[in-house]
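Shown next: model_7.pdb, containing PDB, C-alpha atoms.
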```pdb
ATOM      1  CA  MET A 788       9.116  14.727 -45.127  1.00  0.00           C
ATOM      2  CA  PRO A 789      12.605  13.451 -44.256  1.00  0.00           C
ATOM      3  CA  HIS A 790      12.926  10.589 -41.837  1.00  0.00           C
ATOM      4  CA  LEU A 791      14.884  10.930 -38.616  1.00  0.00           C
ATOM      5  CA  SER A 792      17.507   8.610 -40.076  1.00  0.00           C
ATOM      6  CA  ASP A 793      18.030  11.212 -42.821  1.00  0.00           C
ATOM      7  CA  CYS A 794      18.586  13.856 -40.158  1.00  0.00           C
ATOM      8  CA  LEU A 795      21.119  11.848 -38.166  1.00  0.00           C
ATOM      9  CA  VAL A 796      24.816  12.016 -38.839  1.00  0.00           C
ATOM     10  CA  PRO A 797      26.312   8.544 -39.393  1.00  0.00           C
ATOM     11  CA  ALA A 798      28.104   8.511 -36.011  1.00  0.00           C
ATOM     12  CA  VAL A 799      24.839   8.973 -34.114  1.00  0.00           C
ATOM     13  CA  MET A 800      22.901   5.824 -33.373  1.00  0.00           C
ATOM     14  CA  GLY A 801      19.119   5.848 -33.451  1.00  0.00           C
ATOM     15  CA  VAL A 802      16.905   7.638 -30.996  1.00  0.00           C
ATOM     16  CA  ARG A 803      15.365   5.103 -28.619  1.00  0.00           C
ATOM     17  CA  LEU A 804      11.625   4.708 -28.864  1.00  0.00           C
ATOM     18  CA  MET A 805       9.082   3.081 -26.577  1.00  0.00           C
ATOM     19  CA  ASN A 806       9.707  -0.603 -25.812  1.00  0.00           C
ATOM     20  CA  GLY A 807      13.436  -0.179 -26.362  1.00  0.00           C
ATOM     21  CA  GLU A 808      13.210  -0.016 -30.141  1.00  0.00           C
ATOM     22  CA  THR A 809      15.980   1.809 -31.963  1.00  0.00           C
ATOM     23  CA  ALA A 810      14.430   1.812 -35.417  1.00  0.00           C
ATOM     24  CA  CYS A 811      14.286   5.522 -36.144  1.00  0.00           C
ATOM     25  CA  ASP A 812      13.681   5.258 -39.850  1.00  0.00           C
ATOM     26  CA  ASP A 813      10.025   6.124 -39.381  1.00  0.00           C
ATOM     27  CA  VAL A 814      10.356   8.789 -36.679  1.00  0.00           C
ATOM     28  CA  CYS A 815      10.863  12.474 -37.128  1.00  0.00           C
ATOM     29  CA  MET A 816       9.128  15.584 -35.946  1.00  0.00           C
ATOM     30  CA  PRO A 817       5.900  15.851 -37.922  1.00  0.00           C
ATOM     31  CA  THR A 818       4.894  18.587 -40.253  1.00  0.00           C
ATOM     32  CA  PRO A 819       3.270  21.623 -38.609  1.00  0.00           C
ATOM     33  CA  GLY A 820      -0.071  20.783 -37.025  1.00  0.00           C
ATOM     34  CA  SER A 821       0.677  17.044 -36.904  1.00  0.00           C
ATOM     35  CA  PRO A 822       1.276  15.801 -33.364  1.00  0.00           C
ATOM     36  CA  LEU A 823       3.285  12.686 -32.563  1.00  0.00           C
ATOM     37  CA  PRO A 824       1.669   9.754 -30.783  1.00  0.00           C
ATOM     38  CA  ALA A 825       3.210   8.790 -27.417  1.00  0.00           C
ATOM     39  CA  ALA A 826       5.078   5.768 -28.805  1.00  0.00           C
ATOM     40  CA  LEU A 827       6.905   7.959 -31.338  1.00  0.00           C
ATOM     41  CA  ILE A 828       8.076  10.710 -28.973  1.00  0.00           C
ATOM     42  CA  PRO A 829      11.882  10.483 -29.180  1.00  0.00           C
ATOM     43  CA  ASP A 830      13.988   9.693 -26.132  1.00  0.00           C
ATOM     44  CA  CYS A 831      16.626  12.394 -26.259  1.00  0.00           C
ATOM     45  CA  THR A 832      18.525  11.462 -23.118  1.00  0.00           C
ATOM     46  CA  SER A 833      21.825  11.613 -24.998  1.00  0.00           C
ATOM     47  CA  PRO A 834      22.975  14.998 -26.317  1.00  0.00           C
ATOM     48  CA  GLU A 835      23.507  13.456 -29.763  1.00  0.00           C
ATOM     49  CA  ALA A 836      19.922  12.200 -29.931  1.00  0.00           C
ATOM     50  CA  HIS A 837      18.610  15.573 -28.732  1.00  0.00           C
ATOM     51  CA  HIS A 838      20.627  17.461 -31.343  1.00  0.00           C
ATOM     52  CA  ALA A 839      19.534  15.124 -34.147  1.00  0.00           C
ATOM     53  CA  ALA A 840      15.844  15.242 -33.219  1.00  0.00           C
ATOM     54  CA  TYR A 841      15.903  19.037 -32.802  1.00  0.00           C
ATOM     55  CA  LYS A 842      17.604  19.505 -36.171  1.00  0.00           C
ATOM     56  CA  CYS A 843      15.015  17.240 -37.762  1.00  0.00           C
ATOM     57  CA  ALA A 844      12.176  19.257 -36.206  1.00  0.00           C
ATOM     58  CA  GLN A 845      13.705  22.442 -37.597  1.00  0.00           C
ATOM     59  CA  SER A 846      14.052  20.936 -41.063  1.00  0.00           C
ATOM     60  CA  ASN A 847      10.366  19.944 -40.951  1.00  0.00           C
ATOM     61  CA  ASN A 848       9.235  23.281 -39.481  1.00  0.00           C
ATOM     62  CA  ALA A 849       7.670  21.342 -36.594  1.00  0.00           C
ATOM     63  CA  VAL A 850       7.307  21.899 -32.857  1.00  0.00           C
ATOM     64  CA  PHE A 851      10.094  19.940 -31.173  1.00  0.00           C
ATOM     65  CA  VAL A 852       9.071  17.427 -28.509  1.00  0.00           C
ATOM     66  CA  CYS A 853      11.056  14.836 -26.600  1.00  0.00           C
ATOM     67  CA  ILE A 854      11.425  12.983 -23.356  1.00  0.00           C
ATOM     68  CA  ALA A 855      14.721  12.435 -21.533  1.00  0.00           C
ATOM     69  CA  ARG A 856      15.833  10.474 -18.519  1.00  0.00           C
ATOM     70  CA  GLN A 857      17.037  12.521 -15.549  1.00  0.00           C
ATOM     71  CA  GLY A 858      18.364  10.114 -12.956  1.00  0.00           C
ATOM     72  CA  ARG A 859      15.495   7.798 -12.056  1.00  0.00           C
ATOM     73  CA  ARG A 860      12.866  10.138 -13.445  1.00  0.00           C
ATOM     74  CA  TRP A 861      11.926  11.605 -16.826  1.00  0.00           C
ATOM     75  CA  LYS A 862      11.364  15.055 -18.272  1.00  0.00           C
ATOM     76  CA  VAL A 863       9.268  16.355 -21.147  1.00  0.00           C
ATOM     77  CA  GLU A 864      10.505  19.154 -23.387  1.00  0.00           C
ATOM     78  CA  LEU A 865       8.714  21.078 -26.124  1.00  0.00           C
ATOM     79  CA  ASP A 866      10.287  23.899 -28.105  1.00  0.00           C
ATOM     80  CA  VAL A 867       8.075  25.996 -30.354  1.00  0.00           C
ATOM     81  CA  MET A 868      11.115  27.886 -31.696  1.00  0.00           C
ATOM     82  CA  ALA A 869      12.070  24.843 -33.790  1.00  0.00           C
ATOM     83  CA  SER A 870       9.118  25.698 -36.038  1.00  0.00           C
ATOM     84  CA  LYS A 871       8.435  28.908 -37.892  1.00  0.00           C
ATOM     85  CA  GLY A 872       4.881  28.963 -36.599  1.00  0.00           C
ATOM     86  CA  PRO A 873       3.585  31.476 -34.092  1.00  0.00           C
ATOM     87  CA  TYR A 874       4.487  31.405 -30.442  1.00  0.00           C
ATOM     88  CA  ILE A 875       1.786  30.111 -28.122  1.00  0.00           C
ATOM     89  CA  PRO A 876      -0.610  33.041 -27.558  1.00  0.00           C
ATOM     90  CA  GLU A 877      -1.130  34.226 -23.972  1.00  0.00           C
ATOM     91  CA  GLN A 878      -4.770  33.147 -23.858  1.00  0.00           C
ATOM     92  CA  ALA A 879      -3.763  29.652 -24.994  1.00  0.00           C
ATOM     93  CA  LEU A 880      -1.018  29.497 -22.356  1.00  0.00           C
ATOM     94  CA  THR A 881      -3.775  29.594 -19.757  1.00  0.00           C
ATOM     95  CA  VAL A 882      -4.934  26.139 -20.875  1.00  0.00           C
ATOM     96  CA  LEU A 883      -1.406  24.710 -20.794  1.00  0.00           C
ATOM     97  CA  ARG A 884      -0.634  26.273 -17.415  1.00  0.00           C
ATOM     98  CA  SER A 885      -3.857  24.860 -15.987  1.00  0.00           C
ATOM     99  CA  ALA A 886      -2.923  21.372 -17.190  1.00  0.00           C
ATOM    100  CA  ALA A 887       0.596  21.739 -15.767  1.00  0.00           C
ATOM    101  CA  GLU A 888      -0.838  22.931 -12.443  1.00  0.00           C
ATOM    102  CA  ALA A 889      -3.078  19.869 -12.252  1.00  0.00           C
ATOM    103  CA  LEU A 890      -0.032  17.639 -12.889  1.00  0.00           C
ATOM    104  CA  LEU A 891       1.857  19.470 -10.129  1.00  0.00           C
ATOM    105  CA  LEU A 892      -1.012  19.154  -7.641  1.00  0.00           C
ATOM    106  CA  ASP A 893      -1.268  15.450  -8.445  1.00  0.00           C
ATOM    107  CA  ASP A 894       2.525  15.011  -7.929  1.00  0.00           C
ATOM    108  CA  THR A 895       2.822  13.666 -11.478  1.00  0.00           C
ATOM    109  CA  VAL A 896       5.492  16.321 -12.082  1.00  0.00           C
ATOM    110  CA  THR A 897       7.533  18.316  -9.565  1.00  0.00           C
ATOM    111  CA  GLN A 898       8.316  21.314 -11.740  1.00  0.00           C
ATOM    112  CA  ALA A 899       6.660  22.840 -14.796  1.00  0.00           C
ATOM    113  CA  ASN A 900       7.870  25.702 -16.967  1.00  0.00           C
ATOM    114  CA  ILE A 901       5.261  26.945 -19.431  1.00  0.00           C
ATOM    115  CA  GLY A 902       6.145  29.801 -21.750  1.00  0.00           C
ATOM    116  CA  PRO A 903       5.136  31.062 -25.179  1.00  0.00           C
ATOM    117  CA  ASP A 904       8.069  29.315 -26.858  1.00  0.00           C
ATOM    118  CA  TYR A 905       9.222  26.540 -24.508  1.00  0.00           C
ATOM    119  CA  ILE A 906       7.632  23.981 -22.168  1.00  0.00           C
ATOM    120  CA  SER A 907       9.347  21.624 -19.752  1.00  0.00           C
ATOM    121  CA  LEU A 908       7.846  19.259 -17.199  1.00  0.00           C
ATOM    122  CA  LEU A 909      10.251  17.606 -14.774  1.00  0.00           C
ATOM    123  CA  ALA A 910      10.597  14.589 -12.486  1.00  0.00           C
ATOM    124  CA  ILE A 911       7.993  12.310 -14.036  1.00  0.00           C
ATOM    125  CA  GLN A 912       7.901   8.842 -12.487  1.00  0.00           C
ATOM    126  CA  SER A 913       7.933   6.652 -15.608  1.00  0.00           C
ATOM    127  CA  GLU A 914       8.858   6.732 -19.267  1.00  0.00           C
ATOM    128  CA  ALA A 915       5.321   5.732 -20.248  1.00  0.00           C
ATOM    129  CA  LYS A 916       3.812   8.638 -18.274  1.00  0.00           C
ATOM    130  CA  ALA A 917       6.363  11.065 -19.749  1.00  0.00           C
ATOM    131  CA  ARG A 918       5.428   9.907 -23.256  1.00  0.00           C
ATOM    132  CA  GLU A 919       1.722  10.297 -22.498  1.00  0.00           C
ATOM    133  CA  ILE A 920       2.228  13.834 -21.189  1.00  0.00           C
ATOM    134  CA  ALA A 921       4.565  14.780 -24.051  1.00  0.00           C
ATOM    135  CA  ALA A 922       2.070  13.564 -26.657  1.00  0.00           C
ATOM    136  CA  ALA A 923      -0.808  15.450 -25.024  1.00  0.00           C
ATOM    137  CA  PHE A 924       1.111  18.725 -24.727  1.00  0.00           C
ATOM    138  CA  HIS A 925       2.507  18.344 -28.261  1.00  0.00           C
ATOM    139  CA  ALA A 926      -0.970  17.778 -29.702  1.00  0.00           C
ATOM    140  CA  THR A 927      -2.245  20.823 -27.813  1.00  0.00           C
ATOM    141  CA  VAL A 928       0.592  23.102 -28.950  1.00  0.00           C
ATOM    142  CA  CYS A 929       0.315  21.935 -32.571  1.00  0.00           C
ATOM    143  CA  GLY A 930      -3.445  22.490 -32.517  1.00  0.00           C
ATOM    144  CA  LEU A 931      -3.109  25.922 -30.915  1.00  0.00           C
ATOM    145  CA  GLN A 932      -0.505  26.962 -33.480  1.00  0.00           C
ATOM    146  CA  GLN A 933      -2.738  25.828 -36.300  1.00  0.00           C
ATOM    147  CA  LEU A 934      -5.790  27.541 -34.810  1.00  0.00           C
ATOM    148  CA  TYR A 935      -4.041  30.850 -34.232  1.00  0.00           C
ATOM    149  CA  THR A 936      -2.575  30.766 -37.724  1.00  0.00           C
ATOM    150  CA  VAL A 937      -5.968  30.490 -39.417  1.00  0.00           C
ATOM    151  CA  VAL A 938      -8.175  32.621 -37.154  1.00  0.00           C
ATOM    152  CA  PRO A 939      -8.212  36.262 -38.313  1.00  0.00           C
ATOM    153  CA  GLY A 940      -7.026  38.720 -35.718  1.00  0.00           C
ATOM    154  CA  GLN A 941      -5.436  35.972 -33.625  1.00  0.00           C
ATOM    155  CA  ARG A 942      -2.174  35.651 -35.531  1.00  0.00           C
ATOM    156  CA  GLU A 943       0.803  36.267 -33.280  1.00  0.00           C
ATOM    157  CA  LYS A 944       3.768  35.726 -35.554  1.00  0.00           C
ATOM    158  CA  ARG A 945       7.341  36.165 -34.475  1.00  0.00           C
ATOM    159  CA  GLY A 946       8.979  39.422 -35.304  1.00  0.00           C
ATOM    160  CA  GLU A 947      11.229  38.774 -38.271  1.00  0.00           C
TER     161      GLU A 947
END
```

Go through the file and emit its structure as structure tokens.
Amino acid sequence: MPHLSDCLVPAVMGVRLMNGETACDDVCMPTPGSPLPAALIPDCTSPEAHHAAYKCAQSNNAVFVCIARQGRRWKVELDVMASKGPYIPEQALTVLRSAAEALLLDDTVTQANIGPDYISLLAIQSEAKAREIAAAFHATVCGLQQLYTVVPGQREKRGE
């Protein structure tokens, strides 16, 4: 699996990780079915970091996940289209939508967009909370993809 540093063009500095670290040599989107822990979710606030992390996810056939600062708050973004795995099946979306609704009711997020190929959660109070949410949703999406790939009759592949 290539490292994020292999995916970055020389002009792009590292993607910032938790605790202000910029050592990206060990961070890249995981292989399919392998979720990232919260501390390794990339901060893609800059367009260059977002592009590099997304390209790395594509090269690893992994679900893209990141956090990004938006003013004083943070957002979480997941993009299933970075991988060649199946979209999130409708029955699985129910679980993700329920979790997003609970976050909305709790005022942890102010807006949630949950679809079969893209998830975004907006206006999260802190970086740490955004990382926690991103890791949980990423683990769920990776697990659902893996489950629906191996369960007969549940495969919902993209039309190619």

Handout entry: Answer key for the PyMOL selection byres ((chain A and resi 866) around 7), residues as an MDAnalysis selection string
Key = chainID A and resid 850:852 864:865 867:869 904:906

Exercise for the section: For the point (-0.7, 32.4, -26.1) in the file's frame, write as a count of residues only all residues with an atom no more than 12 Å away, counting all atoms listed in the file. Expected result: 29

Practice task
Could you jot down the atom CA of A:Ala921 to atom CA of A:Gly872 separation for me, Å, one decimal place?
Solution key: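 Rounded to one decimal, the two atoms are 18.9 Å apart.
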
Handout entry: 12 Å contact set for A:Ala910, all atoms listed in the file, chain neighbours under 3 positions out, as a VMD selection string
Key = chain A and resid 854 to 864 890 to 891 894 to 899 907 913 to 914 916 to 917

Take the selection from the previous step and output its residues with C-alpha atoms, as a tab-separated table (two decimals), keeping the file's coordinate frame.
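Result saved to part_25.tsv:
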```tsv
chain	number	residue	atom	x	y	z
A	854	ILE	CA	11.42	12.98	-23.36
A	855	ALA	CA	14.72	12.44	-21.53
A	856	ARG	CA	15.83	10.47	-18.52
A	857	GLN	CA	17.04	12.52	-15.55
A	858	GLY	CA	18.36	10.11	-12.96
A	859	ARG	CA	15.50	7.80	-12.06
A	860	ARG	CA	12.87	10.14	-13.44
A	861	TRP	CA	11.93	11.60	-16.83
A	862	LYS	CA	11.36	15.06	-18.27
A	863	VAL	CA	9.27	16.36	-21.15
A	864	GLU	CA	10.50	19.15	-23.39
A	890	LEU	CA	-0.03	17.64	-12.89
A	891	LEU	CA	1.86	19.47	-10.13
A	894	ASP	CA	2.52	15.01	-7.93
A	895	THR	CA	2.82	13.67	-11.48
A	896	VAL	CA	5.49	16.32	-12.08
A	897	THR	CA	7.53	18.32	-9.56
A	898	GLN	CA	8.32	21.31	-11.74
A	899	ALA	CA	6.66	22.84	-14.80
A	907	SER	CA	9.35	21.62	-19.75
A	913	SER	CA	7.93	6.65	-15.61
A	914	GLU	CA	8.86	6.73	-19.27
A	916	LYS	CA	3.81	8.64	-18.27
A	917	ALA	CA	6.36	11.06	-19.75
```

Handout entry: Selected residue of minimal separation from A:Ala849 among A:Asn900, A:Gln912, A:Ser821, A:Ser885, counting only C-alpha atoms
Key =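 For A:Ala849, the nearest of the given residues is A:Ser821.
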
Practice task
Give me, please, the distance in Å between atom CA of A:Lys871 and atom CA of A:Ser833, quoted to one decimal.
Solution key: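 These atoms are spaced 25.4 Å apart.
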